[in-house]
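Chemist: File data.pdb follows (PDB, C-alpha atoms):
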ATOM      1  CA  MET A   1       0.000   0.000   0.000  1.00  0.00           C
ATOM      2  CA  ILE A   2       2.869   2.400   0.728  1.00  0.00           C
ATOM      3  CA  PRO A   3       4.998   3.062  -2.350  1.00  0.00           C
ATOM      4  CA  THR A   4       8.754   3.246  -2.290  1.00  0.00           C
ATOM      5  CA  LEU A   5      10.079   6.332  -4.048  1.00  0.00           C
ATOM      6  CA  GLU A   6      13.636   7.017  -5.114  1.00  0.00           C
ATOM      7  CA  THR A   7      15.870   9.908  -5.978  1.00  0.00           C
ATOM      8  CA  GLU A   8      19.480   9.851  -7.071  1.00  0.00           C
ATOM      9  CA  ARG A   9      20.753   9.380  -3.502  1.00  0.00           C
ATOM     10  CA  LEU A  10      17.687   8.557  -1.428  1.00  0.00           C
ATOM     11  CA  VAL A  11      14.934   6.013  -0.867  1.00  0.00           C
ATOM     12  CA  LEU A  12      11.614   7.233   0.545  1.00  0.00           C
ATOM     13  CA  ARG A  13       9.904   4.260   2.204  1.00  0.00           C
ATOM     14  CA  GLY A  14       7.244   3.323   4.699  1.00  0.00           C
ATOM     15  CA  PHE A  15       7.977   3.062   8.402  1.00  0.00           C
ATOM     16  CA  GLN A  16       9.495  -0.168   9.715  1.00  0.00           C
ATOM     17  CA  PRO A  17      10.394  -1.693  13.077  1.00  0.00           C
ATOM     18  CA  GLY A  18      13.473   0.098  14.339  1.00  0.00           C
ATOM     19  CA  ASP A  19      12.493   3.496  12.983  1.00  0.00           C
ATOM     20  CA  VAL A  20      11.298   4.724  16.380  1.00  0.00           C
ATOM     21  CA  GLU A  21      14.743   4.044  17.792  1.00  0.00           C
ATOM     22  CA  ALA A  22      16.411   5.713  14.785  1.00  0.00           C
ATOM     23  CA  PHE A  23      14.551   8.963  15.498  1.00  0.00           C
ATOM     24  CA  ALA A  24      14.200   8.805  19.317  1.00  0.00           C
ATOM     25  CA  GLY A  25      17.408  10.718  20.029  1.00  0.00           C
ATOM     26  CA  PHE A  26      16.428  13.524  17.684  1.00  0.00           C
ATOM     27  CA  TYR A  27      12.909  13.884  19.103  1.00  0.00           C
ATOM     28  CA  ALA A  28      14.304  13.887  22.659  1.00  0.00           C
ATOM     29  CA  SER A  29      16.734  16.702  21.834  1.00  0.00           C
ATOM     30  CA  ASP A  30      16.313  20.446  21.533  1.00  0.00           C
ATOM     31  CA  ALA A  31      16.921  20.053  17.781  1.00  0.00           C
ATOM     32  CA  SER A  32      13.299  18.847  17.525  1.00  0.00           C
ATOM     33  CA  ARG A  33      11.871  22.165  18.784  1.00  0.00           C
ATOM     34  CA  PHE A  34      10.745  23.115  15.275  1.00  0.00           C
ATOM     35  CA  VAL A  35       8.677  19.932  14.897  1.00  0.00           C
ATOM     36  CA  GLY A  36       6.930  19.898  18.260  1.00  0.00           C
ATOM     37  CA  GLY A  37       9.637  18.397  20.486  1.00  0.00           C
ATOM     38  CA  PRO A  38      11.457  17.686  22.644  1.00  0.00           C
ATOM     39  CA  GLU A  39       9.494  14.627  23.682  1.00  0.00           C
ATOM     40  CA  ASP A  40       9.997  11.323  25.447  1.00  0.00           C
ATOM     41  CA  LEU A  41      10.200   7.897  23.832  1.00  0.00           C
ATOM     42  CA  VAL A  42       6.487   7.156  24.355  1.00  0.00           C
ATOM     43  CA  SER A  43       5.545  10.381  22.553  1.00  0.00           C
ATOM     44  CA  THR A  44       8.001   9.612  19.752  1.00  0.00           C
ATOM     45  CA  TRP A  45       6.429   6.166  19.360  1.00  0.00           C
ATOM     46  CA  LYS A  46       2.972   7.760  19.130  1.00  0.00           C
ATOM     47  CA  ARG A  47       4.242  10.303  16.579  1.00  0.00           C
ATOM     48  CA  ILE A  48       5.770   7.594  14.363  1.00  0.00           C
ATOM     49  CA  ALA A  49       2.608   5.481  14.713  1.00  0.00           C
ATOM     50  CA  ALA A  50       0.515   8.500  13.639  1.00  0.00           C
ATOM     51  CA  TYR A  51       2.762   9.061  10.609  1.00  0.00           C
ATOM     52  CA  ALA A  52       2.416   5.403   9.642  1.00  0.00           C
ATOM     53  CA  GLY A  53      -1.329   5.411  10.366  1.00  0.00           C
ATOM     54  CA  CYS A  54      -1.933   8.402   8.086  1.00  0.00           C
ATOM     55  CA  TRP A  55      -1.436   5.999   5.178  1.00  0.00           C
ATOM     56  CA  ALA A  56      -4.381   3.878   6.331  1.00  0.00           C
ATOM     57  CA  LEU A  57      -6.624   6.843   7.140  1.00  0.00           C
ATOM     58  CA  ARG A  58      -5.788   9.234   4.281  1.00  0.00           C
ATOM     59  CA  GLY A  59      -4.207   7.041   1.618  1.00  0.00           C
ATOM     60  CA  TYR A  60      -0.912   8.935   1.859  1.00  0.00           C
ATOM     61  CA  GLY A  61       1.559   9.943   4.515  1.00  0.00           C
ATOM     62  CA  LYS A  62       5.119  10.675   5.419  1.00  0.00           C
ATOM     63  CA  PHE A  63       8.052   8.520   4.376  1.00  0.00           C
ATOM     64  CA  VAL A  64      11.285   7.621   6.088  1.00  0.00           C
ATOM     65  CA  VAL A  65      14.142   9.054   4.041  1.00  0.00           C
ATOM     66  CA  GLU A  66      17.015   6.611   3.750  1.00  0.00           C
ATOM     67  CA  ASP A  67      20.479   7.187   2.295  1.00  0.00           C
ATOM     68  CA  LYS A  68      20.940   4.646  -0.526  1.00  0.00           C
ATOM     69  CA  ALA A  69      24.682   4.388   0.054  1.00  0.00           C
ATOM     70  CA  THR A  70      24.506   3.567   3.774  1.00  0.00           C
ATOM     71  CA  GLY A  71      20.920   2.466   4.427  1.00  0.00           C
ATOM     72  CA  ARG A  72      20.771   4.937   7.314  1.00  0.00           C
ATOM     73  CA  ALA A  73      17.602   6.874   8.064  1.00  0.00           C
ATOM     74  CA  VAL A  74      18.325  10.552   7.432  1.00  0.00           C
ATOM     75  CA  GLY A  75      14.893  12.067   7.961  1.00  0.00           C
ATOM     76  CA  ILE A  76      11.134  12.012   7.483  1.00  0.00           C
ATOM     77  CA  VAL A  77       9.317  13.728   4.611  1.00  0.00           C
ATOM     78  CA  GLY A  78       6.047  13.634   2.779  1.00  0.00           C
ATOM     79  CA  PRO A  79       2.436  14.584   2.390  1.00  0.00           C
ATOM     80  CA  THR A  80       0.365  14.601   5.533  1.00  0.00           C
ATOM     81  CA  TYR A  81      -2.921  15.930   6.840  1.00  0.00           C
ATOM     82  CA  PRO A  82      -3.289  15.434  10.582  1.00  0.00           C
ATOM     83  CA  GLU A  83      -6.560  16.284  12.262  1.00  0.00           C
ATOM     84  CA  GLY A  84      -6.741  19.994  13.066  1.00  0.00           C
ATOM     85  CA  TRP A  85      -4.337  20.990  10.284  1.00  0.00           C
ATOM     86  CA  PRO A  86      -5.558  23.769   7.967  1.00  0.00           C
ATOM     87  CA  GLU A  87      -5.020  21.668   4.804  1.00  0.00           C
ATOM     88  CA  PRO A  88      -2.802  18.881   3.509  1.00  0.00           C
ATOM     89  CA  GLU A  89       0.880  19.730   3.687  1.00  0.00           C
ATOM     90  CA  ILE A  90       4.327  18.580   2.679  1.00  0.00           C
ATOM     91  CA  GLY A  91       6.439  18.207   5.798  1.00  0.00           C
ATOM     92  CA  TRP A  92      10.130  17.529   6.190  1.00  0.00           C
ATOM     93  CA  THR A  93      12.596  16.756   8.930  1.00  0.00           C
ATOM     94  CA  VAL A  94      16.268  15.909   8.475  1.00  0.00           C
ATOM     95  CA  LEU A  95      18.358  14.626  11.349  1.00  0.00           C
ATOM     96  CA  PRO A  96      21.012  17.185  12.367  1.00  0.00           C
ATOM     97  CA  GLU A  97      23.946  14.962  11.411  1.00  0.00           C
ATOM     98  CA  PHE A  98      22.683  14.924   7.801  1.00  0.00           C
ATOM     99  CA  GLU A  99      21.950  18.645   7.414  1.00  0.00           C
ATOM    100  CA  GLY A 100      23.775  20.625   4.769  1.00  0.00           C
ATOM    101  CA  ARG A 101      24.014  17.782   2.230  1.00  0.00           C
ATOM    102  CA  GLY A 102      20.955  18.647   0.137  1.00  0.00           C
ATOM    103  CA  TYR A 103      18.972  15.646   1.384  1.00  0.00           C
ATOM    104  CA  ALA A 104      16.031  17.774   2.548  1.00  0.00           C
ATOM    105  CA  ARG A 105      15.695  19.481  -0.842  1.00  0.00           C
ATOM    106  CA  GLU A 106      16.022  16.222  -2.742  1.00  0.00           C
ATOM    107  CA  ALA A 107      13.491  14.386  -0.556  1.00  0.00           C
ATOM    108  CA  ALA A 108      11.022  17.291  -0.311  1.00  0.00           C
ATOM    109  CA  ALA A 109      11.057  17.836  -4.083  1.00  0.00           C
ATOM    110  CA  ARG A 110      10.327  14.139  -4.601  1.00  0.00           C
ATOM    111  CA  ALA A 111       7.514  14.271  -2.024  1.00  0.00           C
ATOM    112  CA  ILE A 112       5.936  17.312  -3.686  1.00  0.00           C
ATOM    113  CA  SER A 113       6.165  15.584  -7.073  1.00  0.00           C
ATOM    114  CA  PHE A 114       4.465  12.539  -5.549  1.00  0.00           C
ATOM    115  CA  ALA A 115       1.652  14.712  -4.154  1.00  0.00           C
ATOM    116  CA  TYR A 116       1.097  16.362  -7.545  1.00  0.00           C
ATOM    117  CA  ASP A 117       1.709  13.433  -9.892  1.00  0.00           C
ATOM    118  CA  ASP A 118       0.405  10.467  -7.914  1.00  0.00           C
ATOM    119  CA  LEU A 119      -2.097  11.972  -5.487  1.00  0.00           C
ATOM    120  CA  GLY A 120      -3.465  14.565  -7.894  1.00  0.00           C
ATOM    121  CA  TRP A 121      -2.972  17.571  -5.616  1.00  0.00           C
ATOM    122  CA  SER A 122      -3.292  20.925  -7.354  1.00  0.00           C
ATOM    123  CA  THR A 123      -1.606  22.848  -4.554  1.00  0.00           C
ATOM    124  CA  ALA A 124       0.722  22.140  -1.651  1.00  0.00           C
ATOM    125  CA  MET A 125       1.855  24.058   1.392  1.00  0.00           C
ATOM    126  CA  SER A 126       4.310  23.585   4.219  1.00  0.00           C
ATOM    127  CA  ALA A 127       3.579  24.772   7.766  1.00  0.00           C
ATOM    128  CA  ILE A 128       6.827  25.909   9.383  1.00  0.00           C
ATOM    129  CA  PHE A 129       7.515  26.994  12.958  1.00  0.00           C
ATOM    130  CA  PRO A 130       8.480  30.671  13.284  1.00  0.00           C
ATOM    131  CA  GLY A 131      12.241  31.026  13.523  1.00  0.00           C
ATOM    132  CA  ASN A 132      13.020  27.846  11.578  1.00  0.00           C
ATOM    133  CA  GLU A 133      15.330  29.603   9.142  1.00  0.00           C
ATOM    134  CA  ARG A 134      16.641  26.362   7.591  1.00  0.00           C
ATOM    135  CA  SER A 135      13.106  25.362   6.609  1.00  0.00           C
ATOM    136  CA  PHE A 136      12.316  28.870   5.352  1.00  0.00           C
ATOM    137  CA  ARG A 137      15.392  28.693   3.099  1.00  0.00           C
ATOM    138  CA  LEU A 138      14.450  25.232   1.862  1.00  0.00           C
ATOM    139  CA  ALA A 139      10.888  26.330   1.094  1.00  0.00           C
ATOM    140  CA  THR A 140      12.257  29.302  -0.846  1.00  0.00           C
ATOM    141  CA  ARG A 141      14.708  27.089  -2.736  1.00  0.00           C
ATOM    142  CA  LEU A 142      11.788  24.824  -3.682  1.00  0.00           C
ATOM    143  CA  GLY A 143      10.019  27.887  -5.120  1.00  0.00           C
ATOM    144  CA  ALA A 144       7.505  28.383  -2.298  1.00  0.00           C
ATOM    145  CA  HIS A 145       6.419  31.797  -1.063  1.00  0.00           C
ATOM    146  CA  HIS A 146       5.349  32.916   2.378  1.00  0.00           C
ATOM    147  CA  GLU A 147       1.573  33.138   2.437  1.00  0.00           C
ATOM    148  CA  GLY A 148       0.799  34.014   6.041  1.00  0.00           C
ATOM    149  CA  ALA A 149       0.404  32.314   9.378  1.00  0.00           C
ATOM    150  CA  VAL A 150      -2.182  30.127  11.054  1.00  0.00           C
ATOM    151  CA  GLU A 151      -2.780  28.995  14.635  1.00  0.00           C
ATOM    152  CA  VAL A 152      -2.516  25.197  14.928  1.00  0.00           C
ATOM    153  CA  ARG A 153      -3.132  23.560  18.281  1.00  0.00           C
ATOM    154  CA  PRO A 154      -1.121  22.433  20.170  1.00  0.00           C
ATOM    155  CA  TYR A 155       1.819  23.956  18.231  1.00  0.00           C
ATOM    156  CA  GLY A 156       0.778  27.605  18.156  1.00  0.00           C
ATOM    157  CA  LEU A 157       1.397  29.956  15.271  1.00  0.00           C
ATOM    158  CA  LEU A 158       2.855  28.306  12.142  1.00  0.00           C
ATOM    159  CA  GLU A 159       4.063  30.052   8.991  1.00  0.00           C
ATOM    160  CA  ILE A 160       2.382  28.856   5.774  1.00  0.00           C
ATOM    161  CA  TRP A 161       4.605  28.521   2.718  1.00  0.00           C
ATOM    162  CA  ARG A 162       2.739  27.905  -0.555  1.00  0.00           C
ATOM    163  CA  HIS A 163       4.508  25.737  -3.112  1.00  0.00           C
ATOM    164  CA  LEU A 164       4.345  26.445  -6.804  1.00  0.00           C
ATOM    165  CA  PRO A 165       1.456  24.866  -8.757  1.00  0.00           C
ATOM    166  CA  PRO A 166       2.304  21.534 -10.439  1.00  0.00           C
ATOM    167  CA  GLU A 167       3.538  22.739 -13.850  1.00  0.00           C
ATOM    168  CA  GLU A 168       5.527  25.635 -12.421  1.00  0.00           C
ATOM    169  CA  PHE A 169       6.981  23.351  -9.736  1.00  0.00           C
ATOM    170  CA  ARG A 170       8.122  20.784 -12.327  1.00  0.00           C
ATOM    171  CA  ALA A 171       9.882  23.510 -14.336  1.00  0.00           C
ATOM    172  CA  HIS A 172      11.449  24.987 -11.186  1.00  0.00           C
ATOM    173  CA  VAL A 173      12.730  21.625  -9.925  1.00  0.00           C
ATOM    174  CA  GLY A 174      14.117  20.850 -13.371  1.00  0.00           C
ATOM    175  CA  ARG A 175      16.253  23.984 -13.088  1.00  0.00           C
ATOM    176  CA  LEU A 176      17.491  22.899  -9.632  1.00  0.00           C
ATOM    177  CA  ASN A 177      18.814  19.538 -10.840  1.00  0.00           C
TER     178      ASN A 177
END
Now that the file is in, can you turn its structure into structure tokens?
Modeler:
Amino acid sequence: MIPTLETERLVLRGFQPGDVEAFAGFYASDASRFVGGPEDLVSTWKRIAAYAGCWALRGYGKFVVEDKATGRAVGIVGPTYPEGWPEPEIGWTVLPEFEGRGYAREAAARAISFAYDDLGWSTAMSAIFPGNERSFRLATRLGAHHEGAVEVRPYGLLEIWRHLPPEEFRAHVGRLN
């Protein structure tokens, strides 16, 4: 039911046993403050279970991003629409030890393409915590523009970044590669 997607360097796959442990350290650290953390292991398990369960409830969800060369989990990315969210979104998280290598851009671009090409979305947004400059820069690099802000409980105010429509996005991403 959950497809496996690929890019030049990455595999985007469904969640598997062991993924909670792969991400537990990140979600327990201050580095997770822009995605709702820090949190304990029980909360991380519930988060990962919710990501995996989105596939059953919505027909799409986030993927684990894996480095093809090493098989290591480098992040989580994909389309999601949790209850209480203003609309479906493309979310991304890259573990700190993998930042600065272009993995987030590569994985997010593939996830947006999946939402447009396979899910039939005509628009996509990303909700980003205020102050998350890395995510703001990534959204901009992907061609998104800041659209405003929305209150999302329990997270508070989130910045909405609107991605380019499908045809414009495809042309933009083609120029990035």
Chemist: What are the closest atom pairs, with distances in Å to one decimal, for all residues of stretch 2-69 of chain A lying within 9 Å of stretch 85-103 of chain A? Consider only C-alpha atoms, order rows by chain and residue number, and present the result as CSV.
Modeler:
residue,atom,partner,partner_atom,distance
A:Arg9,CA,A:Tyr103,CA,8.1
A:Leu10,CA,A:Tyr103,CA,7.7
A:Phe23,CA,A:Leu95,CA,8.0
A:Phe26,CA,A:Leu95,CA,6.7
A:Ala31,CA,A:Pro96,CA,7.4
A:Ser32,CA,A:Thr93,CA,8.9
A:Val35,CA,A:Thr93,CA,7.8
A:Lys62,CA,A:Gly91,CA,7.7
A:Val65,CA,A:Val94,CA,8.4
A:Asp67,CA,A:Tyr103,CA,8.6
Chemist: For those residues, write C-alpha atoms to a file as a CSV table (one decimal), in the coordinates of the input.
Modeler:
chain,number,residue,atom,x,y,z
A,9,ARG,CA,20.8,9.4,-3.5
A,10,LEU,CA,17.7,8.6,-1.4
A,23,PHE,CA,14.6,9.0,15.5
A,26,PHE,CA,16.4,13.5,17.7
A,31,ALA,CA,16.9,20.1,17.8
A,32,SER,CA,13.3,18.8,17.5
A,35,VAL,CA,8.7,19.9,14.9
A,62,LYS,CA,5.1,10.7,5.4
A,65,VAL,CA,14.1,9.1,4.0
A,67,ASP,CA,20.5,7.2,2.3
Chemist: Give me the box for stretch 121-133 of chain A as lines of an AutoDock Vina configuration file, namely the centre and edge lengths in Å to one decimal of a box along x, y and z that holds every listed atom plus 3 Å on each side.
Modeler:
center_x = 6.0
center_y = 24.3
center_z = 3.1
size_x = 24.6
size_y = 19.5
size_z = 26.9
Chemist: Which residue is closest to A:Glu159? Choose from A:Val74, A:Ala139, A:Ala49, A:Ala127 and count all atoms listed in the file.
Modeler: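 Looking only at the distances to A:Glu159, the closest residue turns out to be A:Ala127.
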Chemist: How many Å lie between atom CA of A:Arg175 and atom CA of A:Gly143, rounded to one decimal?
Modeler: 10.8 Å
Chemist: Kindly provide, as JSON, numbers by chain, the polymer residues lying within 10 Å of (-0.3, 17.3, -4.3), counting all atoms listed in the file and using the coordinates exactly as they appear in the file.
Modeler: {"A": [79, 88, 89, 90, 111, 112, 113, 114, 115, 116, 117, 118, 119, 120, 121, 122, 123, 124, 125, 163, 165, 166]}
Chemist: State, in Å with one decimal place, the distance from atom CA of A:Lys68 to atom CA of A:Ala108.
Modeler: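 Taking atom CA of A:Lys68 as the start and atom CA of A:Ala108 as the end point, the length is 16.1 Å.
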Chemist: Considering all atoms listed in the file, can you say which of A:Thr44, A:Gly131, A:Ala52, A:Leu158 comes closest to A:Ser29?
Modeler: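 Counting all atoms listed in the file, the residue closest to A:Ser29 is A:Thr44.
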Chemist: Between A:Gly174, A:Trp55, A:Phe34, A:Arg72, which residue has the minimum interatomic distance to A:Phe129, considering all atoms listed in the file?
Modeler: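 Nearest to A:Phe129: A:Phe34.
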Chemist: Work out how far atom CA of A:Pro130 is from atom CA of A:Glu167, in Å to one decimal.
Modeler: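 So the two atoms, atom CA of A:Glu167 and atom CA of A:Pro130, lie 28.7 Å apart.
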Chemist: Would you mind listing what lies within 6 Å of A:Tyr27 as a PyMOL selection string, with all atoms listed in the file counted and same-chain residues fewer than 2 positions away left out?
Modeler: chain A and resi 24-25+29+32+37-39
Chemist: Generate the coordinates of all heavy atoms for stretch 141-152 of chain A; report them as a tab-separated table (two decimals), keeping the file's coordinate frame.
Modeler:
chain	number	residue	atom	x	y	z
A	141	ARG	N	13.95	27.79	-1.68
A	141	ARG	CA	14.71	27.09	-2.74
A	141	ARG	C	13.80	26.21	-3.58
A	141	ARG	O	14.01	26.06	-4.78
A	141	ARG	CB	15.82	26.26	-2.10
A	141	ARG	CG	16.70	25.61	-3.14
A	141	ARG	CD	18.13	25.45	-2.66
A	141	ARG	NE	18.93	24.99	-3.78
A	141	ARG	CZ	19.57	23.83	-3.81
A	141	ARG	NH1	19.55	23.03	-2.78
A	141	ARG	NH2	20.27	23.49	-4.87
A	142	LEU	N	12.75	25.66	-2.96
A	142	LEU	CA	11.79	24.82	-3.68
A	142	LEU	C	10.79	25.66	-4.48
A	142	LEU	O	9.93	25.12	-5.16
A	142	LEU	CB	11.05	23.91	-2.70
A	142	LEU	CG	11.88	22.81	-2.07
A	142	LEU	CD1	11.13	22.18	-0.90
A	142	LEU	CD2	12.27	21.75	-3.10
A	143	GLY	N	10.90	27.00	-4.37
A	143	GLY	CA	10.02	27.89	-5.12
A	143	GLY	C	8.80	28.37	-4.36
A	143	GLY	O	7.97	29.08	-4.91
A	144	ALA	N	8.67	27.99	-3.09
A	144	ALA	CA	7.50	28.38	-2.30
A	144	ALA	C	7.60	29.85	-1.89
A	144	ALA	O	8.69	30.43	-1.84
A	144	ALA	CB	7.39	27.51	-1.05
A	145	HIS	N	6.45	30.43	-1.58
A	145	HIS	CA	6.42	31.80	-1.06
A	145	HIS	C	5.63	31.83	0.25
A	145	HIS	O	4.74	31.02	0.45
A	145	HIS	CB	5.82	32.77	-2.09
A	145	HIS	CG	4.37	32.52	-2.35
A	145	HIS	ND1	3.93	31.61	-3.28
A	145	HIS	CD2	3.24	33.05	-1.80
A	145	HIS	CE1	2.61	31.58	-3.29
A	145	HIS	NE2	2.16	32.45	-2.41
A	146	HIS	N	6.01	32.76	1.09
A	146	HIS	CA	5.35	32.92	2.38
A	146	HIS	C	3.95	33.47	2.14
A	146	HIS	O	3.77	34.48	1.49
A	146	HIS	CB	6.15	33.85	3.29
A	146	HIS	CG	5.58	33.97	4.65
A	146	HIS	ND1	4.90	35.09	5.07
A	146	HIS	CD2	5.56	33.09	5.68
A	146	HIS	CE1	4.51	34.90	6.32
A	146	HIS	NE2	4.89	33.70	6.71
A	147	GLU	N	2.96	32.77	2.68
A	147	GLU	CA	1.57	33.14	2.44
A	147	GLU	C	0.89	33.76	3.66
A	147	GLU	O	-0.12	34.43	3.53
A	147	GLU	CB	0.81	31.88	1.99
A	147	GLU	CG	-0.58	32.14	1.48
A	147	GLU	CD	-1.18	30.89	0.89
A	147	GLU	OE1	-1.67	30.05	1.68
A	147	GLU	OE2	-1.15	30.76	-0.34
A	148	GLY	N	1.43	33.51	4.83
A	148	GLY	CA	0.80	34.01	6.04
A	148	GLY	C	1.09	33.09	7.19
A	148	GLY	O	2.05	32.32	7.17
A	149	ALA	N	0.23	33.15	8.19
A	149	ALA	CA	0.40	32.31	9.38
A	149	ALA	C	-0.96	31.82	9.84
A	149	ALA	O	-1.99	32.43	9.54
A	149	ALA	CB	1.09	33.09	10.49
A	150	VAL	N	-0.95	30.71	10.54
A	150	VAL	CA	-2.18	30.13	11.05
A	150	VAL	C	-1.90	29.52	12.43
A	150	VAL	O	-0.80	29.01	12.68
A	150	VAL	CB	-2.76	29.07	10.07
A	150	VAL	CG1	-1.84	27.87	9.94
A	150	VAL	CG2	-4.15	28.65	10.47
A	151	GLU	N	-2.88	29.60	13.30
A	151	GLU	CA	-2.78	29.00	14.64
A	151	GLU	C	-3.17	27.52	14.52
A	151	GLU	O	-4.23	27.19	14.01
A	151	GLU	CB	-3.74	29.71	15.59
A	151	GLU	CG	-3.64	29.25	17.02
A	151	GLU	CD	-2.47	29.88	17.76
A	151	GLU	OE1	-1.96	30.93	17.33
A	151	GLU	OE2	-2.07	29.29	18.77
A	152	VAL	N	-2.27	26.64	14.97
A	152	VAL	CA	-2.52	25.20	14.93
A	152	VAL	C	-2.25	24.65	16.32
A	152	VAL	O	-1.13	24.72	16.82
A	152	VAL	CB	-1.62	24.48	13.89
A	152	VAL	CG1	-1.87	22.99	13.91
A	152	VAL	CG2	-1.84	25.05	12.50
